[in-house]
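Undergrad: PDB, C-alpha atoms and all ligand atoms, saved as data-v8.pdb, coming up:
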```pdb
ATOM      1  CA  MET N   1      87.057 106.549  89.067
ATOM      2  CA  TYR N   2      83.758 106.599  87.208
ATOM      3  CA  GLU N   3      80.812 108.551  88.602
ATOM      4  CA  SER N   4      78.806 105.346  88.985
ATOM      5  CA  GLU N   5      81.647 103.296  90.495
ATOM      6  CA  GLY N   6      80.311 103.764  94.034
ATOM      7  CA  ALA N   7      76.989 102.284  92.959
ATOM      8  CA  TRP N   8      78.731  99.323  91.239
ATOM      9  CA  ARG N   9      80.574  98.623  94.475
ATOM     10  CA  GLU N  10      77.408  98.882  96.568
ATOM     11  CA  VAL N  11      75.586  96.396  94.323
ATOM     12  CA  ASP N  12      78.523  93.975  94.452
ATOM     13  CA  ALA N  13      78.567  94.259  98.263
ATOM     14  CA  TYR N  14      74.829  93.509  98.322
ATOM     15  CA  PHE N  15      75.170  90.494  96.006
ATOM     16  CA  VAL N  16      78.128  89.153  97.958
ATOM     17  CA  ASP N  17      76.337  89.651 101.293
ATOM     18  CA  THR N  18      73.227  87.950  99.946
ATOM     19  CA  LEU N  19      74.576  85.087  97.840
ATOM     20  CA  VAL N  20      78.321  84.652  98.309
ATOM     21  CA  PRO N  21      79.268  84.209 101.943
ATOM     22  CA  GLU N  22      83.035  83.966 102.374
ATOM     23  CA  ASP N  23      84.585  81.993 105.195
ATOM     24  CA  LYS N  24      87.663  83.170 107.066
ATOM     25  CA  ALA N  25      90.034  81.296 104.752
ATOM     26  CA  LEU N  26      88.725  83.311 101.794
ATOM     27  CA  THR N  27      88.665  86.691 103.552
ATOM     28  CA  ASP N  28      92.176  86.060 104.887
ATOM     29  CA  ALA N  29      93.378  85.059 101.402
ATOM     30  CA  ARG N  30      91.891  88.234  99.931
ATOM     31  CA  GLU N  31      93.427  90.336 102.696
ATOM     32  CA  SER N  32      96.847  88.723 102.237
ATOM     33  CA  GLY N  33      96.683  89.647  98.541
ATOM     34  CA  ARG N  34      97.858  93.049  99.691
ATOM     35  CA  ARG N  35     101.234  91.486 100.561
ATOM     36  CA  THR N  36     101.743  90.084  97.048
ATOM     37  CA  THR N  37     103.476  91.807  94.155
ATOM     38  CA  MET N  38     100.006  92.632  92.662
ATOM     39  CA  PRO N  39      97.845  94.016  95.495
ATOM     40  CA  GLN N  40      94.086  93.673  94.994
ATOM     41  CA  ALA N  41      94.376  91.949  91.602
ATOM     42  CA  GLU N  42      92.441  88.883  92.796
ATOM     43  CA  VAL N  43      88.922  88.273  91.478
ATOM     44  CA  ALA N  44      85.900  89.576  93.395
ATOM     45  CA  PRO N  45      84.030  87.090  95.625
ATOM     46  CA  ASN N  46      81.079  86.831  93.218
ATOM     47  CA  GLN N  47      83.564  86.275  90.363
ATOM     48  CA  GLY N  48      85.381  83.571  92.332
ATOM     49  CA  LYS N  49      82.054  81.843  92.826
ATOM     50  CA  LEU N  50      81.322  82.173  89.096
ATOM     51  CA  LEU N  51      84.585  80.335  88.363
ATOM     52  CA  ALA N  52      83.676  77.644  90.895
ATOM     53  CA  MET N  53      80.207  77.239  89.399
ATOM     54  CA  LEU N  54      81.559  77.065  85.820
ATOM     55  CA  CYS N  55      83.841  74.263  87.030
ATOM     56  CA  ARG N  56      81.001  72.370  88.632
ATOM     57  CA  MET N  57      78.585  72.983  85.745
ATOM     58  CA  SER N  58      81.152  71.621  83.278
ATOM     59  CA  GLY N  59      82.022  68.684  85.539
ATOM     60  CA  ALA N  60      85.655  69.757  85.794
ATOM     61  CA  THR N  61      87.891  67.927  88.252
ATOM     62  CA  LYS N  62      91.293  68.926  86.873
ATOM     63  CA  VAL N  63      92.007  72.650  86.729
ATOM     64  CA  LEU N  64      94.966  74.678  85.456
ATOM     65  CA  GLU N  65      95.404  78.278  86.624
ATOM     66  CA  PHE N  66      97.824  80.850  85.192
ATOM     67  CA  GLY N  67      98.603  83.363  87.962
ATOM     68  CA  THR N  68      98.245  82.345  91.611
ATOM     69  CA  LEU N  69      99.094  85.480  93.612
ATOM     70  CA  ALA N  70      97.716  84.810  97.122
ATOM     71  CA  GLY N  71      95.591  81.892  95.939
ATOM     72  CA  TYR N  72      92.175  83.520  96.314
ATOM     73  CA  SER N  73      90.702  82.178  93.052
ATOM     74  CA  THR N  74      92.740  79.008  93.598
ATOM     75  CA  ILE N  75      90.740  78.300  96.770
ATOM     76  CA  TRP N  76      87.432  78.733  94.915
ATOM     77  CA  LEU N  77      88.637  76.399  92.143
ATOM     78  CA  ALA N  78      90.066  73.812  94.545
ATOM     79  CA  ARG N  79      86.834  73.702  96.518
ATOM     80  CA  ALA N  80      84.859  73.377  93.274
ATOM     81  CA  VAL N  81      86.749  70.280  92.127
ATOM     82  CA  GLY N  82      86.234  68.523  95.451
ATOM     83  CA  ALA N  83      88.469  66.171  97.386
ATOM     84  CA  GLY N  84      89.059  63.923  94.355
ATOM     85  CA  GLY N  85      90.013  66.827  92.091
ATOM     86  CA  HIS N  86      93.239  68.688  91.432
ATOM     87  CA  VAL N  87      94.399  72.222  90.674
ATOM     88  CA  THR N  88      97.755  73.181  89.162
ATOM     89  CA  SER N  89      98.456  76.887  89.619
ATOM     90  CA  LEU N  90     101.393  78.659  87.951
ATOM     91  CA  GLU N  91     102.997  81.617  89.731
ATOM     92  CA  LEU N  92     106.028  83.696  88.748
ATOM     93  CA  GLU N  93     107.061  84.833  92.226
ATOM     94  CA  GLU N  94     108.160  82.540  95.076
ATOM     95  CA  HIS N  95     107.133  85.329  97.481
ATOM     96  CA  ASN N  96     103.519  85.115  96.237
ATOM     97  CA  ALA N  97     103.551  81.304  96.083
ATOM     98  CA  ALA N  98     104.556  81.102  99.764
ATOM     99  CA  ILE N  99     101.605  83.308 100.715
ATOM    100  CA  ALA N 100      99.316  81.193  98.523
ATOM    101  CA  ARG N 101     100.493  77.894 100.021
ATOM    102  CA  ALA N 102      99.718  79.150 103.540
ATOM    103  CA  ASN N 103      96.257  80.279 102.401
ATOM    104  CA  LEU N 104      95.575  76.944 100.673
ATOM    105  CA  GLU N 105      96.611  75.107 103.840
ATOM    106  CA  HIS N 106      94.297  77.288 105.922
ATOM    107  CA  ALA N 107      91.446  76.629 103.452
ATOM    108  CA  GLY N 108      91.963  72.866 103.780
ATOM    109  CA  VAL N 109      92.769  72.323 100.093
ATOM    110  CA  ALA N 110      96.583  72.245 100.054
ATOM    111  CA  ASP N 111      96.554  68.493  99.346
ATOM    112  CA  ARG N 112      94.771  68.996  96.025
ATOM    113  CA  VAL N 113      96.760  71.986  94.720
ATOM    114  CA  ASP N 114     100.246  72.240  93.214
ATOM    115  CA  VAL N 115     101.650  75.756  93.001
ATOM    116  CA  ILE N 116     104.479  75.754  90.451
ATOM    117  CA  VAL N 117     106.893  78.697  90.685
ATOM    118  CA  GLY N 118     108.518  80.280  87.637
ATOM    119  CA  PRO N 119     107.548  81.994  84.394
ATOM    120  CA  ALA N 120     104.159  80.445  83.592
ATOM    121  CA  ALA N 121     104.961  79.971  79.907
ATOM    122  CA  GLU N 122     107.980  77.815  80.874
ATOM    123  CA  SER N 123     106.042  75.884  83.513
ATOM    124  CA  ALA N 124     103.249  75.268  81.003
ATOM    125  CA  ARG N 125     105.763  74.072  78.402
ATOM    126  CA  ARG N 126     106.990  71.486  80.915
ATOM    127  CA  LEU N 127     103.410  70.374  81.550
ATOM    128  CA  VAL N 128     102.886  70.018  77.781
ATOM    129  CA  LYS N 129     106.022  67.845  77.514
ATOM    130  CA  GLU N 130     104.659  65.558  80.218
ATOM    131  CA  VAL N 131     101.397  64.984  78.337
ATOM    132  CA  LYS N 132     101.167  61.461  77.011
ATOM    133  CA  ASP N 133      99.667  60.937  73.570
ATOM    134  CA  GLY N 134      95.893  61.023  73.618
ATOM    135  CA  THR N 135      95.565  62.246  77.180
ATOM    136  CA  ALA N 136      94.218  65.657  78.153
ATOM    137  CA  PRO N 137      95.146  66.597  81.671
ATOM    138  CA  TYR N 138      92.848  69.603  82.227
ATOM    139  CA  ASP N 139      89.091  70.166  82.057
ATOM    140  CA  PHE N 140      89.109  73.833  83.028
ATOM    141  CA  VAL N 141      91.698  76.603  82.657
ATOM    142  CA  PHE N 142      91.700  80.064  84.248
ATOM    143  CA  ILE N 143      94.131  82.476  82.570
ATOM    144  CA  ASP N 144      94.842  85.405  84.922
ATOM    145  CA  ALA N 145      98.567  86.130  84.831
ATOM    146  CA  ASP N 146     100.673  88.696  82.905
ATOM    147  CA  LYS N 147      98.474  89.876  80.051
ATOM    148  CA  PRO N 148     101.104  90.173  77.276
ATOM    149  CA  SER N 149     101.542  86.379  77.549
ATOM    150  CA  ASN N 150      97.832  85.600  77.032
ATOM    151  CA  PRO N 151      98.417  84.226  73.496
ATOM    152  CA  ALA N 152     101.155  81.872  74.780
ATOM    153  CA  TYR N 153      98.949  80.774  77.675
ATOM    154  CA  LEU N 154      96.052  80.003  75.332
ATOM    155  CA  GLU N 155      98.342  78.012  73.045
ATOM    156  CA  ALA N 156      99.635  75.957  75.994
ATOM    157  CA  SER N 157      96.063  75.494  77.244
ATOM    158  CA  LEU N 158      95.095  74.011  73.887
ATOM    159  CA  ALA N 159      97.848  71.413  74.255
ATOM    160  CA  LEU N 160      96.562  70.548  77.725
ATOM    161  CA  THR N 161      92.785  70.303  77.235
ATOM    162  CA  ARG N 162      90.191  68.234  75.345
ATOM    163  CA  PRO N 163      86.916  68.833  73.488
ATOM    164  CA  GLY N 164      84.485  70.049  76.150
ATOM    165  CA  SER N 165      87.135  71.776  78.243
ATOM    166  CA  VAL N 166      86.391  75.336  79.350
ATOM    167  CA  ILE N 167      88.905  78.200  79.347
ATOM    168  CA  VAL N 168      88.247  81.537  81.077
ATOM    169  CA  ILE N 169      90.450  84.596  80.575
ATOM    170  CA  ASP N 170      90.298  87.484  83.072
ATOM    171  CA  ASN N 171      90.750  91.219  82.466
ATOM    172  CA  VAL N 172      89.790  91.472  78.804
ATOM    173  CA  VAL N 173      88.224  94.956  79.055
ATOM    174  CA  ARG N 174      90.700  97.053  81.046
ATOM    175  CA  ASN N 175      88.469 100.125  81.456
ATOM    176  CA  GLY N 176      87.506  99.889  77.796
ATOM    177  CA  ALA N 177      91.088 100.101  76.535
ATOM    178  CA  VAL N 178      90.613  96.793  74.680
ATOM    179  CA  THR N 179      88.896  98.520  71.756
ATOM    180  CA  ASP N 180      91.990 100.568  70.819
ATOM    181  CA  PRO N 181      93.916  98.717  68.075
ATOM    182  CA  ASP N 182      96.773 101.219  68.404
ATOM    183  CA  SER N 183      97.120 100.971  72.184
ATOM    184  CA  PRO N 184     100.774 101.209  73.236
ATOM    185  CA  ASP N 185      99.911  99.073  76.308
ATOM    186  CA  ASP N 186     101.278  95.572  75.726
ATOM    187  CA  ARG N 187      98.653  94.202  78.151
ATOM    188  CA  VAL N 188      95.910  95.521  75.866
ATOM    189  CA  GLN N 189      97.713  94.055  72.845
ATOM    190  CA  GLY N 190      97.977  90.704  74.696
ATOM    191  CA  VAL N 191      94.207  90.690  75.101
ATOM    192  CA  ARG N 192      93.519  91.777  71.503
ATOM    193  CA  THR N 193      95.884  89.151  70.082
ATOM    194  CA  VAL N 194      94.423  86.323  72.141
ATOM    195  CA  LEU N 195      90.868  87.317  71.149
ATOM    196  CA  ALA N 196      91.891  87.263  67.477
ATOM    197  CA  ASP N 197      93.553  83.865  67.998
ATOM    198  CA  ILE N 198      90.371  82.526  69.582
ATOM    199  CA  ALA N 199      88.199  83.918  66.781
ATOM    200  CA  ARG N 200      90.169  82.181  64.038
ATOM    201  CA  ASP N 201      90.493  78.831  65.852
ATOM    202  CA  ALA N 202      87.815  76.476  64.520
ATOM    203  CA  ARG N 203      88.100  74.331  67.682
ATOM    204  CA  LEU N 204      86.812  77.106  69.929
ATOM    205  CA  GLU N 205      83.501  78.799  70.629
ATOM    206  CA  ALA N 206      83.743  81.891  72.761
ATOM    207  CA  THR N 207      82.059  84.957  74.105
ATOM    208  CA  ALA N 208      83.198  87.919  76.191
ATOM    209  CA  LEU N 209      81.370  89.815  78.919
ATOM    210  CA  GLN N 210      82.022  93.193  80.485
ATOM    211  CA  THR N 211      81.733  93.409  84.249
ATOM    212  CA  VAL N 212      81.385  96.359  86.595
ATOM    213  CA  GLY N 213      81.592  96.069  90.362
ATOM    214  CA  SER N 214      84.095  96.005  93.164
ATOM    215  CA  LYS N 215      86.880  95.453  90.607
ATOM    216  CA  GLY N 216      85.899  98.469  88.511
ATOM    217  CA  TRP N 217      85.193  98.007  84.786
ATOM    218  CA  ASP N 218      86.657  94.838  83.298
ATOM    219  CA  GLY N 219      85.506  91.501  81.933
ATOM    220  CA  PHE N 220      85.988  87.857  81.058
ATOM    221  CA  THR N 221      86.276  85.778  77.924
ATOM    222  CA  ILE N 222      84.655  82.376  78.264
ATOM    223  CA  ILE N 223      85.699  79.675  75.808
ATOM    224  CA  ARG N 224      84.454  76.160  75.205
ATOM    225  CA  ARG N 225      86.596  73.807  73.227
ATOM    226  CA  THR N 226      84.386  72.001  70.735
ATOM    227  CA  SER N 227      86.974  69.732  69.093
TER     228      SER N 227
HETATM  229  C1  LIG G   1      95.622  93.429  86.596
HETATM  230  C2  LIG G   1      95.697  92.064  86.486
HETATM  231  C3  LIG G   1      94.677  91.271  86.957
HETATM  232  O1  LIG G   1      94.719  89.934  86.827
HETATM  233  C4  LIG G   1      93.554  91.844  87.539
HETATM  234  O2  LIG G   1      92.547  91.013  87.905
HETATM  235  C5  LIG G   1      93.478  93.208  87.679
HETATM  236  C6  LIG G   1      94.512  93.999  87.207
HETATM  237  C7  LIG G   1      96.710  94.258  86.035
HETATM  238  O3  LIG G   1      97.565  93.724  85.308
HETATM  239  O4  LIG G   1      96.729  95.460  86.274
HETATM  240 MG    MG G   2      92.759  89.150  86.893
END
```
What would the structure in this file look like if it were written as structure tokens?
Ligand code: DHB
Ligand code: MG

TA:
Amino acid sequence: MYESEGAWREVDAYFVDTLVPEDKALTDARESGRRTTMPQAEVAPNQGKLLAMLCRMSGATKVLEFGTLAGYSTIWLARAVGAGGHVTSLELEEHNAAIARANLEHAGVADRVDVIVGPAAESARRLVKEVKDGTAPYDFVFIDADKPSNPAYLEASLALTRPGSVIVIDNVVRNGAVTDPDSPDDRVQGVRTVLADIARDARLEATALQTVGSKGWDGFTIIRRTS
């Protein structure tokens, strides 16, 4: 707990109250996150809305998500793509996927979301195999699953997107731990490796932003595929 963490939380509460009203489907989805294998790991409301706005600003209608949990961000993404859009969300645990499916139903977006259960790297590999030559199934990718697999998830994302597609990666700061090249934490190493992969990939432009707020001190990487 940082000394200023109370103030970060108060400001987030003010912003959310002012600009990011949640309906019952969203508050219930957030609440039910406590019953998943990763309690309270979902994005904050103002972050969920950021994801939704990035989708709409980039004109995305087909979204791929790594890490569903209770489907909180999935609801934001599914609403952003509209009735004609589609979200594929990859989740390791059937227990979490069942909670997510109920939340997606309640939010009125179950018909435009597929939750695929299993190790996300394997599910993504199957999606890559299904890609026909010259087609790019996804316009927007949100990577928010197990952090050691970030490099594998980025690689799969690059086989499933096109120039202009946007990729967002959550949790790239981890209370500042990301700056330690010798960190023994394989989640930190997963972030550092994927950032290095992004930096040396000529097809990608990217930035990273730190965030403080109701989720503590963390951040996002935002990537645009240029070619
Ligand atoms: C963790 C993972 C998340 O996706 C998140 O948003 C917060 C924490 C974690 O691995 O601890
Ligand atoms: Mg996350």

Undergrad: Under the rule that only C-alpha atoms are counted, which of N:Val173, N:Leu209, N:Ala44, N:Ala145 is the nearest residue to N:Leu26?

TA: N:Ala44

Undergrad: Tell me which of N:Ile143, N:Ala121, N:Val128, N:Val16 sits closest to ligand MG 2 (chain G), counting all atoms listed in the file.

TA: N:Ile143

Undergrad: Can you turn the PyMOL selection byres (((not hetatm)) within 10 of (chain G and resi 2)) into a concrete residue list for this file, as number ranges by chain?

TA: N: 38, 40-44, 66-69, 73, 142-147, 169-172, 215, 218-220

Undergrad: Taking only C-alpha atoms into account, which of N:Ala124, N:Ile222, N:Ile167, N:Val81 comes nearest N:Gln210?

TA: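 Looking only at the distances to N:Gln210, the closest residue turns out to be N:Ile222.
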
Undergrad: Using all atoms listed in the file, which residues sit within 6 Å of N:Ser165 once same-chain residues fewer than 2 positions away are excluded, as an mmCIF file with C-alpha atoms, keeping the file's coordinate frame?

TA:
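Result saved to out_37.cif:
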```
data_model
loop_
_atom_site.group_PDB
_atom_site.id
_atom_site.type_symbol
_atom_site.label_atom_id
_atom_site.label_comp_id
_atom_site.auth_asym_id
_atom_site.auth_seq_id
_atom_site.Cartn_x
_atom_site.Cartn_y
_atom_site.Cartn_z
ATOM 1 C CA ASP N 139 89.091 70.166 82.057
ATOM 2 C CA PHE N 140 89.109 73.833 83.028
ATOM 3 C CA THR N 161 92.785 70.303 77.235
ATOM 4 C CA ARG N 162 90.191 68.234 75.345
ATOM 5 C CA PRO N 163 86.916 68.833 73.488
ATOM 6 C CA ARG N 224 84.454 76.160 75.205
ATOM 7 C CA ARG N 225 86.596 73.807 73.227
#
```

Undergrad: I'd like to know which of N:Ala156, N:Ala78, N:Ala196, N:Ala70 is closest to ligand LIG 1 (chain G), using all atoms listed in the file.

TA: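 Of the candidates, the smallest distance to ligand LIG 1 (chain G) is held by N:Ala70.
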